[in-house]
>>> print(open('query.csv').read())   # CSV, C-alpha atoms
chain,number,residue,atom,x,y,z
A,1,ALA,CA,-28.2,-12.6,16.9
A,2,GLY,CA,-28.0,-13.3,13.2
A,3,ARG,CA,-28.7,-9.6,12.3
A,4,GLU,CA,-26.1,-8.5,14.8
A,5,GLU,CA,-23.6,-10.8,13.2
A,6,LEU,CA,-24.4,-9.4,9.8
A,7,GLU,CA,-24.1,-5.9,11.0
A,8,ALA,CA,-20.8,-6.8,12.6
A,9,ALA,CA,-19.6,-8.3,9.4
A,10,GLY,CA,-20.7,-5.3,7.5
A,11,TRP,CA,-18.9,-3.0,9.8
A,12,CYS,CA,-15.7,-5.1,9.6
A,13,GLY,CA,-15.9,-5.0,5.9
A,14,TRP,CA,-16.3,-1.3,5.9
A,15,ALA,CA,-13.4,-0.9,8.3
A,16,LEU,CA,-11.2,-3.0,6.2
A,17,GLU,CA,-12.2,-1.1,3.1
A,18,GLN,CA,-11.3,2.2,4.8
A,19,GLU,CA,-8.0,0.8,6.0
A,20,HIS,CA,-7.2,-0.3,2.5
A,21,HIS,CA,-8.1,3.1,1.2
A,22,ARG,CA,-5.9,4.9,3.7
A,23,GLY,CA,-3.0,2.5,2.8
A,24,ASN,CA,-3.4,3.3,-0.9
A,25,MET,CA,-3.5,7.1,-0.2
A,26,GLN,CA,-0.5,6.9,2.2
A,27,GLN,CA,2.1,6.0,-0.5
A,28,LEU,CA,1.1,9.2,-2.5
A,29,HIS,CA,2.8,11.2,0.2
A,30,GLU,CA,5.7,9.0,1.3
A,31,PRO,CA,9.1,9.9,0.0
A,32,TYR,CA,10.7,8.1,-3.0
A,33,GLU,CA,14.5,8.1,-2.5
A,34,LEU,CA,16.4,9.2,-5.6
A,35,THR,CA,19.9,8.1,-6.1
A,36,GLY,CA,22.8,10.4,-7.1
A,37,GLU,CA,23.0,8.5,-10.4
A,38,GLN,CA,19.4,9.1,-11.2
A,39,ARG,CA,19.7,12.8,-10.5
A,40,ARG,CA,22.8,13.0,-12.7
A,41,PHE,CA,21.0,11.1,-15.5
A,42,TYR,CA,18.1,13.6,-15.5
A,43,ALA,CA,20.5,16.6,-15.5
A,44,GLN,CA,22.3,15.1,-18.5
A,45,ASN,CA,19.3,13.9,-20.5
A,46,HIS,CA,16.3,16.0,-19.3
A,47,TYR,CA,14.2,12.9,-18.7
A,48,LEU,CA,14.2,10.0,-16.3
A,49,LYS,CA,12.0,6.8,-16.0
A,50,LEU,CA,11.7,5.6,-12.4
A,51,PRO,CA,10.7,2.0,-11.5
A,52,GLN,CA,8.1,1.2,-8.8
A,53,VAL,CA,7.1,4.7,-7.9
A,54,PHE,CA,3.7,3.3,-6.9
A,55,ASP,CA,2.8,-0.2,-5.9
A,56,ALA,CA,-0.1,-2.0,-7.7
A,57,PRO,CA,-2.8,-1.2,-5.1
A,58,THR,CA,-1.9,2.5,-5.1
A,59,LEU,CA,-1.8,2.7,-8.8
A,60,GLN,CA,-5.2,1.0,-9.0
A,61,HIS,CA,-6.5,3.6,-6.6
A,62,ILE,CA,-5.0,6.4,-8.7
A,63,SER,CA,-6.6,4.9,-11.9
A,64,ASP,CA,-10.0,4.7,-10.2
A,65,VAL,CA,-9.8,8.3,-9.0
A,66,VAL,CA,-8.6,9.7,-12.4
A,67,CYS,CA,-11.2,7.8,-14.4
A,68,ALA,CA,-14.0,8.9,-12.0
A,69,ALA,CA,-12.8,12.5,-12.1
A,70,THR,CA,-12.5,12.5,-15.9
A,71,ALA,CA,-16.0,11.1,-16.1
A,72,LYS,CA,-17.3,13.8,-13.9
A,73,VAL,CA,-15.6,16.6,-15.9
A,74,ALA,CA,-16.4,15.0,-19.3
A,75,PRO,CA,-19.1,12.3,-18.9
A,76,ASN,CA,-19.2,11.5,-22.6
A,77,GLN,CA,-15.5,11.3,-23.3
A,78,LEU,CA,-14.6,7.9,-21.7
A,79,THR,CA,-16.5,6.1,-24.5
A,80,PRO,CA,-15.7,6.3,-28.2
A,81,GLN,CA,-16.0,9.8,-29.6
A,82,ASP,CA,-18.8,11.0,-31.9
A,83,VAL,CA,-16.3,12.0,-34.4
A,84,PRO,CA,-14.4,8.9,-35.9
A,85,LEU,CA,-10.7,8.8,-35.4
A,86,THR,CA,-10.1,8.9,-39.1
A,87,GLU,CA,-12.0,12.3,-39.4
A,88,ARG,CA,-10.0,14.0,-36.6
A,89,ASP,CA,-6.8,16.0,-37.0
A,90,THR,CA,-3.4,14.7,-35.8
A,91,TYR,CA,-3.9,16.2,-32.3
A,92,GLY,CA,-7.4,14.9,-32.0
A,93,GLN,CA,-6.3,11.4,-33.0
A,94,ALA,CA,-3.6,11.4,-30.3
A,95,PHE,CA,-5.6,11.4,-27.1
A,96,ILE,CA,-8.6,12.5,-25.1
A,97,GLN,CA,-7.3,15.3,-22.9
A,98,LYS,CA,-8.9,16.7,-19.7
A,99,MET,CA,-7.0,19.2,-17.5
A,100,ASN,CA,-7.0,20.4,-13.9
A,101,LEU,CA,-9.0,17.5,-12.5
A,102,TRP,CA,-7.8,18.7,-9.1
A,103,ARG,CA,-10.1,21.7,-9.4
A,104,HIS,CA,-13.2,19.5,-9.8
A,105,ASP,CA,-12.6,16.4,-7.5
A,106,ALA,CA,-11.2,16.1,-4.0
A,107,ALA,CA,-9.7,12.7,-4.6
A,108,ALA,CA,-8.1,13.8,-7.8
A,109,LYS,CA,-6.6,16.7,-5.9
A,110,GLU,CA,-4.9,14.4,-3.5
A,111,VAL,CA,-3.4,12.5,-6.4
A,112,SER,CA,-2.3,15.7,-8.2
A,113,PHE,CA,-0.9,17.1,-4.9
A,114,SER,CA,1.1,13.9,-4.2
A,115,ARG,CA,4.1,14.9,-2.1
A,116,ARG,CA,5.9,11.8,-3.4
A,117,LEU,CA,5.7,13.0,-7.0
A,118,ALA,CA,6.3,16.7,-6.1
A,119,ARG,CA,9.4,15.9,-4.1
A,120,ILE,CA,10.9,13.9,-7.0
A,121,ALA,CA,10.2,16.9,-9.3
A,122,CYS,CA,11.8,19.3,-6.8
A,123,GLU,CA,14.9,17.2,-6.5
A,124,LEU,CA,15.3,16.7,-10.2
A,125,LEU,CA,15.0,20.4,-10.9
A,126,GLY,CA,17.4,21.2,-8.1
A,127,VAL,CA,15.1,23.9,-6.6
A,128,THR,CA,13.7,24.6,-3.1
A,129,GLY,CA,10.1,23.9,-4.1
A,130,VAL,CA,7.6,23.4,-6.9
A,131,ARG,CA,4.2,24.8,-7.8
A,132,MET,CA,1.4,23.2,-9.7
A,133,TYR,CA,1.3,24.4,-13.4
A,134,HIS,CA,-1.6,22.1,-14.2
A,135,ASP,CA,-2.5,18.4,-14.3
A,136,GLN,CA,-4.1,16.5,-17.2
A,137,ALA,CA,-5.5,13.1,-18.0
A,138,LEU,CA,-4.4,11.7,-21.4
A,139,PHE,CA,-6.4,8.8,-22.6
A,140,LYS,CA,-5.3,7.3,-26.0
A,141,GLU,CA,-8.2,5.3,-27.4
A,142,PRO,CA,-7.8,1.9,-29.1
A,143,GLY,CA,-6.6,2.7,-32.6
A,144,GLY,CA,-5.6,6.2,-31.4
A,145,GLY,CA,-2.8,7.8,-33.5
A,146,ILE,CA,0.7,8.9,-32.7
A,147,THR,CA,1.5,11.9,-30.4
A,148,PRO,CA,3.8,13.8,-32.7
A,149,TRP,CA,7.3,14.9,-31.7
A,150,HIS,CA,7.2,18.2,-29.7
A,151,ALA,CA,8.6,20.0,-26.7
A,152,ASP,CA,6.2,21.1,-24.0
A,153,GLY,CA,8.0,24.4,-23.7
A,154,TYR,CA,6.4,25.6,-26.9
A,155,TYR,CA,3.2,26.1,-24.8
A,156,PHE,CA,4.7,27.4,-21.6
A,157,PRO,CA,5.3,31.2,-21.0
A,158,LEU,CA,8.0,30.6,-18.4
A,159,ALA,CA,11.1,32.7,-17.7
A,160,ASP,CA,13.3,29.6,-17.2
A,161,GLY,CA,12.3,26.7,-19.4
A,162,ASP,CA,14.7,24.4,-17.7
A,163,LYS,CA,12.9,24.7,-14.4
A,164,CYS,CA,9.7,22.8,-15.3
A,165,VAL,CA,9.1,19.1,-15.4
A,166,THR,CA,6.2,16.8,-16.2
A,167,ALA,CA,5.4,13.6,-14.3
A,168,TRP,CA,4.0,11.0,-16.8
A,169,ILE,CA,2.0,8.4,-14.8
A,170,PRO,CA,0.7,5.4,-16.7
A,171,LEU,CA,-2.3,3.9,-15.0
A,172,GLN,CA,-1.6,0.4,-16.4
A,173,PRO,CA,1.5,-1.3,-18.0
A,174,VAL,CA,2.2,0.3,-21.4
A,175,PRO,CA,3.7,-2.1,-23.9
A,176,LEU,CA,5.2,-0.8,-27.1
A,177,GLU,CA,2.1,-1.5,-29.1
A,178,MET,CA,0.1,0.8,-26.7
A,179,GLY,CA,2.2,3.8,-27.4
A,180,PRO,CA,4.5,4.6,-24.5
A,181,LEU,CA,6.2,7.9,-24.2
A,182,GLU,CA,9.4,8.1,-26.3
A,183,PHE,CA,12.3,10.6,-25.7
A,184,SER,CA,15.1,12.0,-27.7
A,185,ALA,CA,17.8,12.1,-25.0
A,186,GLY,CA,20.1,15.1,-25.5
A,187,SER,CA,17.6,17.0,-27.7
A,188,GLN,CA,17.4,19.8,-25.1
A,189,HIS,CA,20.3,21.2,-27.0
A,190,ILE,CA,18.5,21.2,-30.4
A,191,GLU,CA,16.8,24.5,-31.3
A,192,ASP,CA,15.2,23.7,-34.7
A,193,GLY,CA,11.6,22.6,-34.2
A,194,ARG,CA,10.8,24.5,-31.0
A,195,ASP,CA,8.6,27.0,-32.8
A,196,VAL,CA,5.9,24.6,-34.0
A,197,ALA,CA,2.8,23.2,-32.2
A,198,ILE,CA,2.0,19.5,-31.8
A,199,SER,CA,0.9,18.5,-35.3
A,200,LYS,CA,1.8,16.5,-38.4
A,201,GLU,CA,4.3,19.3,-39.2
A,202,SER,CA,6.0,19.0,-35.8
A,203,GLU,CA,6.4,15.2,-36.4
A,204,GLU,CA,8.0,15.7,-39.8
A,205,ARG,CA,10.1,18.7,-39.0
A,206,ILE,CA,11.5,17.5,-35.6
A,207,THR,CA,12.2,14.0,-37.1
A,208,GLU,CA,14.4,15.8,-39.7
A,209,SER,CA,16.0,18.0,-37.1
A,210,LEU,CA,16.9,15.0,-34.9
A,211,ALA,CA,18.2,13.1,-37.9
A,212,ARG,CA,20.6,16.0,-38.7
A,213,ALA,CA,21.8,16.0,-35.1
A,214,GLY,CA,23.0,12.5,-35.5
A,215,SER,CA,24.7,11.0,-32.4
A,216,VAL,CA,24.0,14.1,-30.3
A,217,CYS,CA,20.6,12.6,-29.6
A,218,THR,CA,19.5,9.1,-28.7
A,219,HIS,CA,15.9,7.9,-29.4
A,220,VAL,CA,14.7,6.1,-26.3
A,221,LYS,CA,11.6,3.9,-26.8
A,222,GLU,CA,10.8,1.5,-23.9
A,223,PRO,CA,7.7,-0.2,-22.4
A,224,TYR,CA,6.4,0.9,-19.0
A,225,ASP,CA,5.9,-1.6,-16.3
A,226,ILE,CA,3.2,-1.3,-13.5
A,227,GLY,CA,4.2,1.5,-11.2
A,228,ASP,CA,6.8,3.1,-13.5
A,229,VAL,CA,6.7,6.9,-13.7
A,230,SER,CA,8.8,9.1,-16.0
A,231,PHE,CA,9.7,12.8,-15.6
A,232,HIS,CA,10.7,15.0,-18.6
A,233,SER,CA,11.6,18.7,-18.9
A,234,GLY,CA,9.9,21.2,-21.0
A,235,ARG,CA,12.8,21.3,-23.4
A,236,ILE,CA,13.2,17.7,-24.4
A,237,PHE,CA,11.6,16.5,-27.6
A,238,HIS,CA,9.3,13.5,-27.0
A,239,ARG,CA,6.5,11.7,-28.8
A,240,ALA,CA,4.3,8.5,-28.4
A,241,GLY,CA,3.4,5.8,-30.9
A,242,ALA,CA,-0.1,4.8,-31.9
A,243,ASN,CA,-2.2,2.6,-29.6
A,244,THR,CA,-2.7,-0.5,-31.8
A,245,THR,CA,-4.3,-2.5,-28.9
A,246,ASP,CA,-8.0,-2.9,-28.1
A,247,LYS,CA,-7.6,-1.1,-24.7
A,248,VAL,CA,-7.4,2.5,-23.7
A,249,ARG,CA,-4.0,3.8,-22.7
A,250,LYS,CA,-4.7,5.7,-19.6
A,251,VAL,CA,-2.2,8.2,-18.3
A,252,MET,CA,-2.3,11.0,-15.7
A,253,THR,CA,0.2,13.8,-15.8
A,254,VAL,CA,1.2,16.6,-13.5
A,255,ILE,CA,3.3,19.6,-14.6
A,256,TYR,CA,5.5,21.3,-12.0
A,257,ILE,CA,7.4,24.6,-12.1
A,258,ASP,CA,10.0,26.1,-9.8
A,259,GLU,CA,8.2,27.8,-6.9
A,260,GLU,CA,10.0,31.1,-7.9
A,261,MET,CA,9.2,30.8,-11.6
A,262,LYS,CA,8.3,34.1,-13.3
A,263,LEU,CA,5.9,34.6,-16.2
A,264,ALA,CA,7.6,35.4,-19.5
A,265,LYS,CA,6.1,37.4,-22.3
A,266,PRO,CA,4.2,34.9,-24.6
A,267,THR,CA,5.9,34.3,-28.0
A,268,ASN,CA,2.9,32.4,-29.6
A,269,ASP,CA,-0.8,31.9,-29.3
A,270,GLY,CA,-0.3,28.7,-27.3
A,271,GLN,CA,1.7,30.5,-24.7
A,272,GLN,CA,-0.9,33.3,-24.6
A,273,ASN,CA,-3.6,30.7,-24.0
A,274,ASP,CA,-1.6,29.1,-21.2
A,275,TRP,CA,-1.1,32.5,-19.6
A,276,ASN,CA,-4.8,33.2,-19.7
A,277,THR,CA,-5.8,29.7,-18.6
A,278,TRP,CA,-3.2,28.5,-16.1
A,279,CYS,CA,-1.7,31.7,-14.8
A,280,PRO,CA,-4.7,34.1,-14.5
A,281,GLY,CA,-4.0,37.5,-13.2
A,282,ILE,CA,-0.2,37.2,-13.1
A,283,GLU,CA,1.8,40.0,-14.7
A,284,ILE,CA,4.9,39.4,-16.9
A,285,GLY,CA,8.0,39.3,-14.8
A,286,HIS,CA,6.2,38.3,-11.7
A,287,VAL,CA,6.2,35.0,-9.8
A,288,ILE,CA,3.5,32.6,-11.1
A,289,ALA,CA,1.6,32.5,-7.8
A,290,SER,CA,-2.0,32.5,-8.8
A,291,PRO,CA,-4.7,30.5,-7.0
A,292,LEU,CA,-4.2,27.9,-9.8
A,293,ASN,CA,-0.5,27.5,-9.0
A,294,PRO,CA,-0.1,26.6,-5.4
A,295,VAL,CA,3.1,25.4,-3.9
A,296,VAL,CA,2.8,21.6,-3.6
A,297,TYR,CA,6.2,20.8,-2.1
A,298,SER,CA,8.8,23.1,-0.6
A,299,THR,CA,11.9,22.5,1.6
A,300,LEU,CA,11.5,26.0,2.9
A,301,ARG,CA,7.7,26.3,3.6
A,302,PHE,CA,6.6,22.9,4.7
>>> encode(input="query.csv", output="structure tokens")
Amino acid sequence: AGREELEAAGWCGWALEQEHHRGNMQQLHEPYELTGEQRRFYAQNHYLKLPQVFDAPTLQHISDVVCAATAKVAPNQLTPQDVPLTERDTYGQAFIQKMNLWRHDAAAKEVSFSRRLARIACELLGVTGVRMYHDQALFKEPGGGITPWHADGYYFPLADGDKCVTAWIPLQPVPLEMGPLEFSAGSQHIEDGRDVAISKESEERITESLARAGSVCTHVKEPYDIGDVSFHSGRIFHRAGANTTDKVRKVMTVIYIDEEMKLAKPTNDGQQNDWNTWCPGIEIGHVIASPLNPVVYSTLRF
């Protein structure tokens, strides 16, 4: 009888664990209702920070999945690097970066293919559906340096740079001293600085460009609470401060493009690399519909 009771207790524990897992996964695909004001804010500023996109248990699940998937892809890169921070370039000091986790791990794929996130992206862009461009885990180590000012569109060979958006998903609260994402609201209208890659040069040049713009742009620097998620376009200038804490700043990101997005001719080596890496086999002027760019949400298809 004692063994049967233990087995029964073990089964119950397993069942509760599975139910908890299903509950955590469920919110990944439930709709998050945007307000008209939030949509207008994004249209005007090209970024939006949303509260409570995920509850604490779901976010913990996402964090566990992303960390496990990153460890699978890069088993040696969740611990301090062999090369000291002080000996790396500006980009290398900013973060550990691992991309397209969804291609390597089924649980990570469910996170990256979250209908909740994809629907938000679709509604902010004002399109009928969105495709995956790529996902990436960004881990800023304790003592990690700044992420310099830049616009993501520098790297994207896209025919319409306004029709892409990145979901920035912190896997823990991000106080100011941990280096949250910062935005220059209104900077989508500034052209100077778009021709430079993430670097010390981009930090200096874009800082000067934004200063010249004056009141046209507003520097927004805020902490992220548990469950906050921000969305930003490929045109807005953004950066992040250094991580001065003793903890890793863990972030997952997913980049979405309009489901009808066409490939543009690359204008720099970064865009050529993105074409080769994230849009394989697609010809210039054709819809970016490679096996790496599936539709993840559509009002027309499903």
>>> closest_residue(input="query.csv", among="A:Gly214, A:Gly270, A:Pro31, A:Pro291", to="Arg119 (chain A)", atoms="only C-alpha atoms")
A:Pro31
>>> atom_distance(input="query.csv", atom1="CA of Val216 (chain A)", atom2="CA of Gly186 (chain A)")
6.3 Å
>>> closest_residue(input="query.csv", among="A:Ala211, A:Ile282, A:Leu28, A:Leu124", to="Val53 (chain A)", atoms="only C-alpha atoms")
A:Leu28
>>> residues_around(input="query.csv", residues="Lys265 (chain A)", least_positions_apart="3", cutoff="9 Å", atoms="all atoms listed in the file", output="PyMOL selection string")
chain A and resi 157-159+271-272+284-285
>>> atom_distance(input="query.csv", atom1="CA of Arg301 (chain A)", atom2="CA of Cys122 (chain A)")
13.2 Å
>>> atom_distance(input="query.csv", atom1="CA of Asp162 (chain A)", atom2="CA of Glu33 (chain A)")
22.3 Å
>>> axis_aligned_box(input="query.csv", around="region 228-247 of chain A", padding_each_side="6 Å", output="JSON")
{"center_x": 2.6, "center_y": 9.2, "center_z": -22.7, "size_x": 33.2, "size_y": 36.2, "size_z": 30.4}
>>> residues_around(input="query.csv", residues="Arg39 (chain A)", least_positions_apart="5", cutoff="12 Å", atoms="all atoms listed in the file", output="PyMOL selection string")
chain A and resi 33-34+44-50+120-126+231
>>> closest_residue(input="query.csv", among="A:Leu181, A:Met25, A:Ala137, A:Met261", to="Thr70 (chain A)", atoms="all atoms listed in the file")
A:Ala137
>>> residues_around(input="query.csv", residues="region 148-155 of chain A", least_positions_apart="6", cutoff="8 Å", atoms="all atoms listed in the file", output="list in words")
Thr90, Gly161, Gly193, Arg194, Asp195, Val196, Ala197, Ile198, Ser199, Lys200, Ser202, Glu203, Ile206, Thr207, Ser233, Gly234, Arg235, Ile236, Phe237, His238, Arg239, Ala240, Asn268, Gly270, Gln271 and Asp274 of chain A
>>> residues_around(input="query.csv", residues="His219 (chain A)", least_positions_apart="2", cutoff="10 Å", atoms="all atoms listed in the file", output="PyMOL selection string")
chain A and resi 182-187+210+215+217+221-222+237-238
>>> residues_around(input="query.csv", residues="Gln136 (chain A)", least_positions_apart="2", cutoff="9 Å", atoms="only C-alpha atoms", output="PyMOL selection string")
chain A and resi 97-101+134+138+251-255
>>> closest_atom_pairs(input="query.csv", of="region 141-251 of chain A", to="region 110-118 of chain A", cutoff="12 Å", atoms="all atoms listed in the file", output="CSV")
residue,atom,partner,partner_atom,distance
A:Cys164,CA,A:Ala118,CA,11.6
A:Val165,CA,A:Ala118,CA,10.0
A:Thr166,CA,A:Leu117,CA,10.0
A:Ala167,CA,A:Leu117,CA,7.3
A:Trp168,CA,A:Leu117,CA,10.1
A:Ile169,CA,A:Leu117,CA,9.8
A:Asp228,CA,A:Leu117,CA,11.9
A:Val229,CA,A:Leu117,CA,9.1
A:Ser230,CA,A:Leu117,CA,10.3
A:Phe231,CA,A:Leu117,CA,9.5
